[in-house]
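Coordinates as given in coords_26.tsv (TSV, N, CA, C and O atoms):
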chain	number	residue	atom	x	y	z
A	105	MET	N	83.13	-79.49	-3.41
A	105	MET	CA	82.67	-80.85	-3.33
A	105	MET	C	81.15	-80.83	-3.27
A	105	MET	O	80.57	-80.11	-2.50
A	106	THR	N	80.57	-81.65	-4.11
A	106	THR	CA	79.11	-81.72	-4.13
A	106	THR	C	78.67	-83.11	-3.71
A	106	THR	O	79.46	-84.05	-3.64
A	107	ASP	N	77.38	-83.23	-3.45
A	107	ASP	CA	76.85	-84.51	-2.98
A	107	ASP	C	76.56	-85.49	-4.11
A	107	ASP	O	76.14	-86.60	-3.87
A	108	GLY	N	76.79	-85.08	-5.34
A	108	GLY	CA	76.56	-85.96	-6.47
A	108	GLY	C	75.12	-86.06	-6.88
A	108	GLY	O	74.79	-86.78	-7.82
A	109	LEU	N	74.23	-85.39	-6.21
A	109	LEU	CA	72.82	-85.40	-6.57
A	109	LEU	C	72.59	-84.41	-7.69
A	109	LEU	O	73.44	-83.60	-8.03
A	110	GLU	N	71.41	-84.46	-8.22
A	110	GLU	CA	71.10	-83.59	-9.34
A	110	GLU	C	71.18	-82.11	-8.99
A	110	GLU	O	71.48	-81.27	-9.82
A	111	ASN	N	70.91	-81.77	-7.72
A	111	ASN	CA	70.90	-80.36	-7.35
A	111	ASN	C	72.29	-79.82	-7.02
A	111	ASN	O	72.46	-78.63	-6.83
A	112	ASP	N	73.30	-80.70	-6.93
A	112	ASP	CA	74.67	-80.29	-6.66
A	112	ASP	C	74.80	-79.38	-5.45
A	112	ASP	O	75.52	-78.39	-5.46
A	113	GLU	N	74.12	-79.74	-4.37
A	113	GLU	CA	74.23	-79.00	-3.12
A	113	GLU	C	75.61	-79.24	-2.53
A	113	GLU	O	76.15	-80.33	-2.62
A	114	PRO	N	76.22	-78.23	-1.90
A	114	PRO	CA	77.50	-78.45	-1.25
A	114	PRO	C	77.37	-79.48	-0.13
A	114	PRO	O	76.36	-79.53	0.56
A	115	VAL	N	78.39	-80.30	0.03
A	115	VAL	CA	78.39	-81.32	1.06
A	115	VAL	C	78.56	-80.69	2.43
A	115	VAL	O	77.92	-81.05	3.39
A	116	PHE	N	79.43	-79.72	2.54
A	116	PHE	CA	79.72	-79.09	3.81
A	116	PHE	C	79.04	-77.73	3.88
A	116	PHE	O	79.38	-76.83	3.12
A	117	PRO	N	78.09	-77.56	4.79
A	117	PRO	CA	77.41	-76.27	4.91
A	117	PRO	C	78.43	-75.17	5.21
A	117	PRO	O	79.31	-75.33	6.03
A	118	GLY	N	78.32	-74.08	4.51
A	118	GLY	CA	79.22	-72.95	4.74
A	118	GLY	C	80.48	-72.99	3.91
A	118	GLY	O	81.22	-72.01	3.88
A	119	SER	N	80.73	-74.10	3.22
A	119	SER	CA	81.98	-74.19	2.47
A	119	SER	C	82.04	-73.17	1.34
A	119	SER	O	83.10	-72.59	1.08
A	120	GLY	N	80.91	-72.92	0.69
A	120	GLY	CA	80.89	-71.91	-0.37
A	120	GLY	C	81.11	-70.52	0.17
A	120	GLY	O	81.88	-69.74	-0.37
A	121	GLY	N	80.46	-70.21	1.30
A	121	GLY	CA	80.65	-68.91	1.93
A	121	GLY	C	82.07	-68.73	2.42
A	121	GLY	O	82.67	-67.67	2.24
A	122	SER	N	82.63	-69.77	3.00
A	122	SER	CA	84.01	-69.71	3.49
A	122	SER	C	84.98	-69.47	2.34
A	122	SER	O	85.88	-68.63	2.44
A	123	ALA	N	84.79	-70.21	1.25
A	123	ALA	CA	85.67	-70.04	0.10
A	123	ALA	C	85.55	-68.63	-0.47
A	123	ALA	O	86.57	-68.03	-0.86
A	124	SER	N	84.35	-68.09	-0.49
A	124	SER	CA	84.15	-66.73	-1.00
A	124	SER	C	84.85	-65.70	-0.11
A	124	SER	O	85.46	-64.75	-0.61
A	125	LEU	N	84.79	-65.90	1.21
A	125	LEU	CA	85.45	-64.96	2.11
A	125	LEU	C	86.96	-65.03	1.99
A	125	LEU	O	87.64	-63.99	2.00
A	126	VAL	N	87.50	-66.23	1.85
A	126	VAL	CA	88.94	-66.38	1.66
A	126	VAL	C	89.37	-65.68	0.37
A	126	VAL	O	90.37	-64.96	0.33
A	127	GLU	N	88.59	-65.88	-0.69
A	127	GLU	CA	88.90	-65.24	-1.97
A	127	GLU	C	88.83	-63.72	-1.84
A	127	GLU	O	89.67	-62.99	-2.39
A	128	TRP	N	87.85	-63.22	-1.09
A	128	TRP	CA	87.70	-61.77	-0.89
A	128	TRP	C	88.90	-61.21	-0.14
A	128	TRP	O	89.45	-60.18	-0.52
A	129	VAL	N	89.32	-61.90	0.92
A	129	VAL	CA	90.48	-61.44	1.69
A	129	VAL	C	91.73	-61.49	0.80
A	129	VAL	O	92.55	-60.57	0.84
A	130	ASP	N	91.88	-62.54	0.01
A	130	ASP	CA	93.02	-62.62	-0.90
A	130	ASP	C	93.05	-61.41	-1.84
A	130	ASP	O	94.11	-60.85	-2.12
A	131	GLY	N	91.88	-61.01	-2.33
A	131	GLY	CA	91.80	-59.83	-3.19
A	131	GLY	C	92.24	-58.57	-2.46
A	131	GLY	O	92.92	-57.71	-3.03
A	132	LEU	N	91.86	-58.46	-1.19
A	132	LEU	CA	92.29	-57.30	-0.39
A	132	LEU	C	93.80	-57.32	-0.19
A	132	LEU	O	94.45	-56.26	-0.24
A	133	LEU	N	94.36	-58.49	0.07
A	133	LEU	CA	95.81	-58.59	0.25
A	133	LEU	C	96.55	-58.19	-1.02
A	133	LEU	O	97.57	-57.49	-0.96
A	134	VAL	N	96.05	-58.63	-2.16
A	134	VAL	CA	96.67	-58.26	-3.44
A	134	VAL	C	96.57	-56.74	-3.63
A	134	VAL	O	97.56	-56.08	-3.98
A	135	ALA	N	95.40	-56.19	-3.40
A	135	ALA	CA	95.22	-54.74	-3.54
A	135	ALA	C	96.14	-53.98	-2.60
A	135	ALA	O	96.76	-52.98	-2.99
A	136	LEU	N	96.28	-54.46	-1.38
A	136	LEU	CA	97.16	-53.81	-0.42
A	136	LEU	C	98.61	-53.86	-0.89
A	136	LEU	O	99.32	-52.85	-0.84
A	137	ASN	N	99.03	-55.01	-1.37
A	137	ASN	CA	100.40	-55.16	-1.85
A	137	ASN	C	100.67	-54.34	-3.11
A	137	ASN	O	101.82	-53.99	-3.38
A	138	GLU	N	99.63	-54.04	-3.85
A	138	GLU	CA	99.77	-53.21	-5.06
A	138	GLU	C	99.62	-51.73	-4.75
A	138	GLU	O	99.62	-50.90	-5.66
A	139	GLY	N	99.43	-51.40	-3.47
A	139	GLY	CA	99.33	-50.00	-3.07
A	139	GLY	C	97.96	-49.39	-3.24
A	139	GLY	O	97.80	-48.17	-3.14
A	140	ARG	N	96.94	-50.19	-3.45
A	140	ARG	CA	95.58	-49.68	-3.62
A	140	ARG	C	94.88	-49.62	-2.26
A	140	ARG	O	93.86	-50.26	-2.02
A	141	THR	N	95.45	-48.82	-1.37
A	141	THR	CA	94.96	-48.76	0.01
A	141	THR	C	93.56	-48.17	0.11
A	141	THR	O	92.79	-48.57	0.98
A	142	ASP	N	93.22	-47.24	-0.77
A	142	ASP	CA	91.86	-46.67	-0.73
A	142	ASP	C	90.82	-47.75	-1.00
A	142	ASP	O	89.76	-47.77	-0.36
A	143	GLU	N	91.11	-48.64	-1.91
A	143	GLU	CA	90.19	-49.74	-2.24
A	143	GLU	C	90.01	-50.65	-1.02
A	143	GLU	O	88.89	-51.05	-0.69
A	144	VAL	N	91.12	-50.97	-0.36
A	144	VAL	CA	91.07	-51.83	0.83
A	144	VAL	C	90.33	-51.13	1.96
A	144	VAL	O	89.46	-51.72	2.61
A	145	ARG	N	90.64	-49.87	2.16
A	145	ARG	CA	89.99	-49.08	3.22
A	145	ARG	C	88.47	-49.05	3.02
A	145	ARG	O	87.70	-49.27	3.95
A	146	THR	N	88.04	-48.81	1.79
A	146	THR	CA	86.61	-48.76	1.48
A	146	THR	C	85.94	-50.11	1.70
A	146	THR	O	84.87	-50.18	2.30
A	147	ALA	N	86.58	-51.17	1.25
A	147	ALA	CA	86.00	-52.52	1.42
A	147	ALA	C	85.85	-52.87	2.90
A	147	ALA	O	84.83	-53.43	3.31
A	148	LEU	N	86.84	-52.51	3.70
A	148	LEU	CA	86.78	-52.81	5.12
A	148	LEU	C	85.76	-51.93	5.84
A	148	LEU	O	85.00	-52.40	6.68
A	149	ARG	N	85.73	-50.67	5.49
A	149	ARG	CA	84.79	-49.75	6.12
A	149	ARG	C	83.35	-50.13	5.81
A	149	ARG	O	82.47	-50.09	6.67
A	150	ASN	N	83.09	-50.55	4.58
A	150	ASN	CA	81.73	-50.92	4.16
A	150	ASN	C	81.35	-52.34	4.54
A	150	ASN	O	80.22	-52.76	4.27
A	151	GLU	N	82.30	-53.06	5.14
A	151	GLU	CA	82.06	-54.46	5.53
A	151	GLU	C	81.45	-55.26	4.38
A	151	GLU	O	80.44	-55.95	4.54
A	152	GLU	N	82.08	-55.17	3.22
A	152	GLU	CA	81.59	-55.86	2.03
A	152	GLU	C	81.41	-57.35	2.24
A	152	GLU	O	80.59	-57.98	1.57
A	153	TRP	N	82.14	-57.92	3.18
A	153	TRP	CA	82.07	-59.37	3.41
A	153	TRP	C	80.71	-59.81	3.93
A	153	TRP	O	80.35	-60.97	3.82
A	154	ARG	N	79.96	-58.89	4.52
A	154	ARG	CA	78.66	-59.26	5.10
A	154	ARG	C	77.55	-59.40	4.06
A	154	ARG	O	76.46	-59.86	4.37
A	155	THR	N	77.81	-58.98	2.83
A	155	THR	CA	76.78	-59.02	1.79
A	155	THR	C	77.28	-59.84	0.60
A	155	THR	O	78.46	-59.95	0.36
A	156	GLY	N	76.35	-60.42	-0.11
A	156	GLY	CA	76.69	-61.09	-1.35
A	156	GLY	C	76.97	-62.57	-1.25
A	156	GLY	O	77.03	-63.25	-2.27
A	157	TRP	N	77.15	-63.09	-0.03
A	157	TRP	CA	77.43	-64.52	0.11
A	157	TRP	C	76.52	-65.11	1.16
A	157	TRP	O	76.13	-64.46	2.12
A	158	ASP	N	76.23	-66.38	1.01
A	158	ASP	CA	75.44	-67.10	2.00
A	158	ASP	C	76.40	-67.58	3.09
A	158	ASP	O	77.17	-68.50	2.90
A	159	LEU	N	76.35	-66.91	4.24
A	159	LEU	CA	77.24	-67.22	5.34
A	159	LEU	C	76.55	-68.06	6.41
A	159	LEU	O	77.12	-68.30	7.48
A	160	SER	N	75.34	-68.50	6.12
A	160	SER	CA	74.53	-69.19	7.13
A	160	SER	C	75.17	-70.48	7.63
A	160	SER	O	74.93	-70.88	8.76
A	161	GLY	N	75.98	-71.13	6.84
A	161	GLY	CA	76.60	-72.37	7.26
A	161	GLY	C	77.90	-72.19	8.02
A	161	GLY	O	78.50	-73.15	8.47
A	162	ILE	N	78.35	-70.95	8.16
A	162	ILE	CA	79.59	-70.68	8.90
A	162	ILE	C	79.22	-70.47	10.36
A	162	ILE	O	78.38	-69.63	10.67
A	163	PRO	N	79.83	-71.21	11.26
A	163	PRO	CA	79.50	-71.07	12.68
A	163	PRO	C	79.69	-69.63	13.18
A	163	PRO	O	80.63	-68.95	12.77
A	164	ALA	N	78.78	-69.21	14.05
A	164	ALA	CA	78.81	-67.84	14.57
A	164	ALA	C	80.15	-67.47	15.20
A	164	ALA	O	80.65	-66.36	14.97
A	165	PRO	N	80.80	-68.36	15.98
A	165	PRO	CA	82.10	-67.97	16.56
A	165	PRO	C	83.16	-67.65	15.50
A	165	PRO	O	83.96	-66.73	15.68
A	166	ILE	N	83.14	-68.39	14.41
A	166	ILE	CA	84.10	-68.11	13.34
A	166	ILE	C	83.78	-66.78	12.67
A	166	ILE	O	84.67	-65.99	12.39
A	167	GLN	N	82.49	-66.52	12.43
A	167	GLN	CA	82.11	-65.23	11.87
A	167	GLN	C	82.53	-64.09	12.79
A	167	GLN	O	83.01	-63.05	12.32
A	168	GLU	N	82.37	-64.28	14.10
A	168	GLU	CA	82.75	-63.24	15.06
A	168	GLU	C	84.26	-63.01	15.06
A	168	GLU	O	84.71	-61.86	15.08
A	169	GLN	N	85.05	-64.08	15.05
A	169	GLN	CA	86.50	-63.94	15.01
A	169	GLN	C	86.94	-63.27	13.72
A	169	GLN	O	87.85	-62.43	13.72
A	170	PHE	N	86.30	-63.63	12.63
A	170	PHE	CA	86.60	-63.02	11.34
A	170	PHE	C	86.30	-61.53	11.38
A	170	PHE	O	87.12	-60.71	10.98
A	171	ALA	N	85.14	-61.17	11.92
A	171	ALA	CA	84.75	-59.77	12.02
A	171	ALA	C	85.72	-58.99	12.91
A	171	ALA	O	86.08	-57.84	12.58
A	172	GLU	N	86.16	-59.58	14.00
A	172	GLU	CA	87.11	-58.91	14.89
A	172	GLU	C	88.44	-58.65	14.19
A	172	GLU	O	89.02	-57.57	14.31
A	173	ALA	N	88.92	-59.64	13.44
A	173	ALA	CA	90.18	-59.46	12.71
A	173	ALA	C	90.04	-58.38	11.64
A	173	ALA	O	90.95	-57.57	11.44
A	174	LEU	N	88.88	-58.35	10.97
A	174	LEU	CA	88.66	-57.31	9.96
A	174	LEU	C	88.53	-55.93	10.59
A	174	LEU	O	88.97	-54.94	10.01
A	175	ALA	N	87.96	-55.86	11.78
A	175	ALA	CA	87.89	-54.57	12.49
A	175	ALA	C	89.30	-54.08	12.83
A	175	ALA	O	89.59	-52.88	12.71
A	176	ARG	N	90.18	-55.01	13.22
A	176	ARG	CA	91.58	-54.63	13.48
A	176	ARG	C	92.24	-54.15	12.18
A	176	ARG	O	93.00	-53.19	12.19
A	177	ALA	N	91.94	-54.83	11.08
A	177	ALA	CA	92.51	-54.43	9.79
A	177	ALA	C	92.01	-53.04	9.41
A	177	ALA	O	92.79	-52.21	8.93
A	178	ALA	N	90.73	-52.77	9.63
A	178	ALA	CA	90.17	-51.45	9.31
A	178	ALA	C	90.82	-50.37	10.15
A	178	ALA	O	91.15	-49.29	9.65
A	179	GLY	N	91.04	-50.65	11.44
A	179	GLY	CA	91.71	-49.69	12.30
A	179	GLY	C	93.14	-49.45	11.89
A	179	GLY	O	93.64	-48.31	11.90
A	180	ALA	N	93.82	-50.51	11.50
A	180	ALA	CA	95.22	-50.39	11.08
A	180	ALA	C	95.36	-49.59	9.80
A	180	ALA	O	96.24	-48.73	9.69
A	181	ILE	N	94.47	-49.83	8.84
A	181	ILE	CA	94.60	-49.10	7.58
A	181	ILE	C	94.19	-47.64	7.77
A	181	ILE	O	94.74	-46.75	7.13
A	182	ALA	N	93.27	-47.40	8.69
A	182	ALA	CA	92.88	-46.01	8.98
A	182	ALA	C	94.04	-45.23	9.59
A	182	ALA	O	94.17	-44.03	9.36
A	183	SER	N	94.90	-45.93	10.33
A	183	SER	CA	96.05	-45.27	10.93
A	183	SER	C	97.27	-45.27	10.00
A	183	SER	O	98.32	-44.75	10.36
A	184	GLY	N	97.12	-45.88	8.83
A	184	GLY	CA	98.17	-45.85	7.82
A	184	GLY	C	99.19	-46.96	7.92
A	184	GLY	O	100.24	-46.88	7.29
A	185	SER	N	98.91	-48.00	8.67
A	185	SER	CA	99.86	-49.10	8.84
A	185	SER	C	99.53	-50.27	7.92
A	185	SER	O	98.69	-51.11	8.24
A	186	ALA	N	100.21	-50.34	6.79
A	186	ALA	CA	99.97	-51.41	5.83
A	186	ALA	C	100.39	-52.76	6.41
A	186	ALA	O	99.72	-53.78	6.17
A	187	ASP	N	101.49	-52.80	7.17
A	187	ASP	CA	101.96	-54.06	7.74
A	187	ASP	C	100.95	-54.63	8.73
A	187	ASP	O	100.66	-55.82	8.72
A	188	GLU	N	100.43	-53.78	9.61
A	188	GLU	CA	99.42	-54.24	10.58
A	188	GLU	C	98.13	-54.65	9.89
A	188	GLU	O	97.47	-55.59	10.32
A	189	THR	N	97.79	-53.94	8.82
A	189	THR	CA	96.60	-54.30	8.05
A	189	THR	C	96.77	-55.67	7.44
A	189	THR	O	95.88	-56.53	7.52
A	190	GLN	N	97.94	-55.91	6.84
A	190	GLN	CA	98.21	-57.21	6.25
A	190	GLN	C	98.16	-58.31	7.30
A	190	GLN	O	97.56	-59.37	7.07
A	191	ASP	N	98.77	-58.08	8.46
A	191	ASP	CA	98.74	-59.08	9.52
A	191	ASP	C	97.31	-59.41	9.94
A	191	ASP	O	96.95	-60.58	10.09
A	192	ALA	N	96.48	-58.39	10.10
A	192	ALA	CA	95.09	-58.60	10.52
A	192	ALA	C	94.30	-59.35	9.44
A	192	ALA	O	93.48	-60.22	9.75
A	193	LEU	N	94.56	-59.03	8.17
A	193	LEU	CA	93.88	-59.74	7.09
A	193	LEU	C	94.30	-61.21	7.03
A	193	LEU	O	93.47	-62.09	6.81
A	194	LEU	N	95.57	-61.47	7.29
A	194	LEU	CA	96.03	-62.86	7.31
A	194	LEU	C	95.41	-63.63	8.47
A	194	LEU	O	95.07	-64.81	8.34
A	195	ILE	N	95.24	-62.97	9.60
A	195	ILE	CA	94.57	-63.60	10.74
A	195	ILE	C	93.12	-63.90	10.39
A	195	ILE	O	92.60	-64.99	10.67
A	196	ALA	N	92.45	-62.94	9.75
A	196	ALA	CA	91.05	-63.15	9.34
A	196	ALA	C	90.97	-64.35	8.40
A	196	ALA	O	90.09	-65.21	8.55
A	197	ARG	N	91.88	-64.42	7.47
A	197	ARG	CA	91.90	-65.51	6.48
A	197	ARG	C	92.12	-66.86	7.16
A	197	ARG	O	91.53	-67.86	6.80
A	198	SER	N	92.95	-66.85	8.19
A	198	SER	CA	93.30	-68.10	8.86
A	198	SER	C	92.11	-68.73	9.58
A	198	SER	O	92.14	-69.91	9.92
A	199	ARG	N	91.05	-67.97	9.83
A	199	ARG	CA	89.88	-68.52	10.51
A	199	ARG	C	89.22	-69.62	9.71
A	199	ARG	O	88.44	-70.40	10.24
A	200	PHE	N	89.55	-69.72	8.42
A	200	PHE	CA	88.93	-70.71	7.56
A	200	PHE	C	89.89	-71.84	7.16
A	200	PHE	O	89.57	-72.65	6.31
A	201	LEU	N	91.05	-71.86	7.81
A	201	LEU	CA	92.01	-72.92	7.53
A	201	LEU	C	91.85	-74.05	8.55
A	201	LEU	O	91.60	-73.80	9.72
A	202	PRO	N	92.01	-75.28	8.11
A	202	PRO	CA	91.87	-76.40	9.06
A	202	PRO	C	92.86	-76.26	10.21
A	202	PRO	O	94.02	-75.90	10.01
A	203	GLY	N	92.38	-76.50	11.40
A	203	GLY	CA	93.23	-76.46	12.57
A	203	GLY	C	93.51	-75.08	13.11
A	203	GLY	O	94.25	-74.92	14.07
A	204	ALA	N	92.93	-74.04	12.51
A	204	ALA	CA	93.19	-72.67	12.97
A	204	ALA	C	92.37	-72.35	14.19
A	204	ALA	O	91.38	-72.90	14.48
What's the structure tokens form of this structure?
Amino acid sequence: MTDGLENDEPVFPGSGGSASLVEWVDGLLVALNEGRTDEVRTALRNEEWRTGWDLSGIPAPIQEQFAEALARAAGAIASGSADETQDALLIARSRFLPGA
């Protein structure tokens, strides 16, 4: 959603960053379900979510909860638990859903 002005600035600060993070987590979930655990492990270990997107409009508490859920996912995949990794990724994703 844009403000309709010539510069097409997002109406809600952080909405672009939030959408990008949800899309990134969705990609990890797909990779995990396809058995590409090394790809997921690397993305979580490198904290790819912290780079490449403007997260300035996302409130700090949400960023912290997201980071905690991703840390749980990283720990779970390191121990070889795909189910726990998936659960933690879904929790991370839920931080950007209304009412979560």
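As for atom CA of Val129 of chain A and atom C of Pro165 of chain A, they are spaced 16.8 Å apart.
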Might you pull out every residue within 12 Å of Glu188 of chain A, with only C-alpha atoms counted and same-chain residues fewer than 2 positions away left off, and present them as a ChimeraX atom specification?
-> /A:133,136,173-186,190-195
As an mmCIF file with N, CA, C and O atoms, keeping the file's coordinate frame, please: the residues near Val126 of chain A (cut-off 8 Å, only N, CA, C and O atoms, same-chain neighbours under 3 positions excluded).
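Generated file (out.cif):
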data_model
loop_
_atom_site.group_PDB
_atom_site.id
_atom_site.type_symbol
_atom_site.label_atom_id
_atom_site.label_comp_id
_atom_site.auth_asym_id
_atom_site.auth_seq_id
_atom_site.Cartn_x
_atom_site.Cartn_y
_atom_site.Cartn_z
ATOM 1 N N SER A 119 80.730 -74.100 3.220
ATOM 2 C CA SER A 119 81.980 -74.190 2.470
ATOM 3 C C SER A 119 82.040 -73.170 1.340
ATOM 4 O O SER A 119 83.100 -72.590 1.080
ATOM 5 N N GLY A 120 80.910 -72.920 0.690
ATOM 6 C CA GLY A 120 80.890 -71.910 -0.370
ATOM 7 C C GLY A 120 81.110 -70.520 0.170
ATOM 8 O O GLY A 120 81.880 -69.740 -0.370
ATOM 9 N N GLY A 121 80.460 -70.210 1.300
ATOM 10 C CA GLY A 121 80.650 -68.910 1.930
ATOM 11 C C GLY A 121 82.070 -68.730 2.420
ATOM 12 O O GLY A 121 82.670 -67.670 2.240
ATOM 13 N N SER A 122 82.630 -69.770 3.000
ATOM 14 C CA SER A 122 84.010 -69.710 3.490
ATOM 15 C C SER A 122 84.980 -69.470 2.340
ATOM 16 O O SER A 122 85.880 -68.630 2.440
ATOM 17 N N ALA A 123 84.790 -70.210 1.250
ATOM 18 C CA ALA A 123 85.670 -70.040 0.100
ATOM 19 C C ALA A 123 85.550 -68.630 -0.470
ATOM 20 O O ALA A 123 86.570 -68.030 -0.860
ATOM 21 N N VAL A 129 89.320 -61.900 0.920
ATOM 22 C CA VAL A 129 90.480 -61.440 1.690
ATOM 23 C C VAL A 129 91.730 -61.490 0.800
ATOM 24 O O VAL A 129 92.550 -60.570 0.840
ATOM 25 N N ASP A 130 91.880 -62.540 0.010
ATOM 26 C CA ASP A 130 93.020 -62.620 -0.900
ATOM 27 C C ASP A 130 93.050 -61.410 -1.840
ATOM 28 O O ASP A 130 94.110 -60.850 -2.120
ATOM 29 N N GLY A 131 91.880 -61.010 -2.330
ATOM 30 C CA GLY A 131 91.800 -59.830 -3.190
ATOM 31 C C GLY A 131 92.240 -58.570 -2.460
ATOM 32 O O GLY A 131 92.920 -57.710 -3.030
ATOM 33 N N LEU A 132 91.860 -58.460 -1.190
ATOM 34 C CA LEU A 132 92.290 -57.300 -0.390
ATOM 35 C C LEU A 132 93.800 -57.320 -0.190
ATOM 36 O O LEU A 132 94.450 -56.260 -0.240
ATOM 37 N N LEU A 133 94.360 -58.490 0.070
ATOM 38 C CA LEU A 133 95.810 -58.590 0.250
ATOM 39 C C LEU A 133 96.550 -58.190 -1.020
ATOM 40 O O LEU A 133 97.570 -57.490 -0.960
ATOM 41 N N LEU A 193 94.560 -59.030 8.170
ATOM 42 C CA LEU A 193 93.880 -59.740 7.090
ATOM 43 C C LEU A 193 94.300 -61.210 7.030
ATOM 44 O O LEU A 193 93.470 -62.090 6.810
ATOM 45 N N ALA A 196 92.450 -62.940 9.750
ATOM 46 C CA ALA A 196 91.050 -63.150 9.340
ATOM 47 C C ALA A 196 90.970 -64.350 8.400
ATOM 48 O O ALA A 196 90.090 -65.210 8.550
ATOM 49 N N ARG A 197 91.880 -64.420 7.470
ATOM 50 C CA ARG A 197 91.900 -65.510 6.480
ATOM 51 C C ARG A 197 92.120 -66.860 7.160
ATOM 52 O O ARG A 197 91.530 -67.860 6.800
ATOM 53 N N SER A 198 92.950 -66.850 8.190
ATOM 54 C CA SER A 198 93.300 -68.100 8.860
ATOM 55 C C SER A 198 92.110 -68.730 9.580
ATOM 56 O O SER A 198 92.140 -69.910 9.920
ATOM 57 N N PHE A 200 89.550 -69.720 8.420
ATOM 58 C CA PHE A 200 88.930 -70.710 7.560
ATOM 59 C C PHE A 200 89.890 -71.840 7.160
ATOM 60 O O PHE A 200 89.570 -72.650 6.310
#
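Going from atom O of Asp187 of chain A over to atom O of Pro163 of chain A, you cover 24.3 Å.
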What gap, in Å, lies between atom C of Val144 of chain A and atom O of Gly161 of chain A?
-> 25.8 Å
Pick out each residue of segment 140-201 of chain A that DSSP on the backbone tags as alpha helix (DSSP H); I need them as a PyMOL selection string.
-> chain A and resi 141-149+164-182+186-198
Pick the closest to Ala171 of chain A from A:Glu143, A:Leu125, A:Leu201, A:Asp158: which is it, counting only C-alpha atoms?
-> A:Leu125
Enclose all atoms of segment 185-198 of chain A listed in the file in an axis-aligned box, grow every side by 6 Å, and hand back centre and edge lengths in Å to one decimal, as AutoDock Vina command-line options.
--center_x 96.0 --center_y -59.0 --center_z 8.3 --size_x 23.9 --size_y 33.9 --size_z 16.9
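Shell of Thr155 of chain A at 12 Å, with only C-alpha atoms counted and residues fewer than 3 places along the chain excluded, is Gly121, Ser124, Leu125, Trp128, Ala147, Asn150, Glu151, Glu152, Asp158, Leu159 and Ser160 of chain A.
If only C-alpha atoms are the atoms counted, then among A:Arg149, A:Thr189, A:Ala135, A:Arg199 the closest residue to Glu168 of chain A is A:Arg199.
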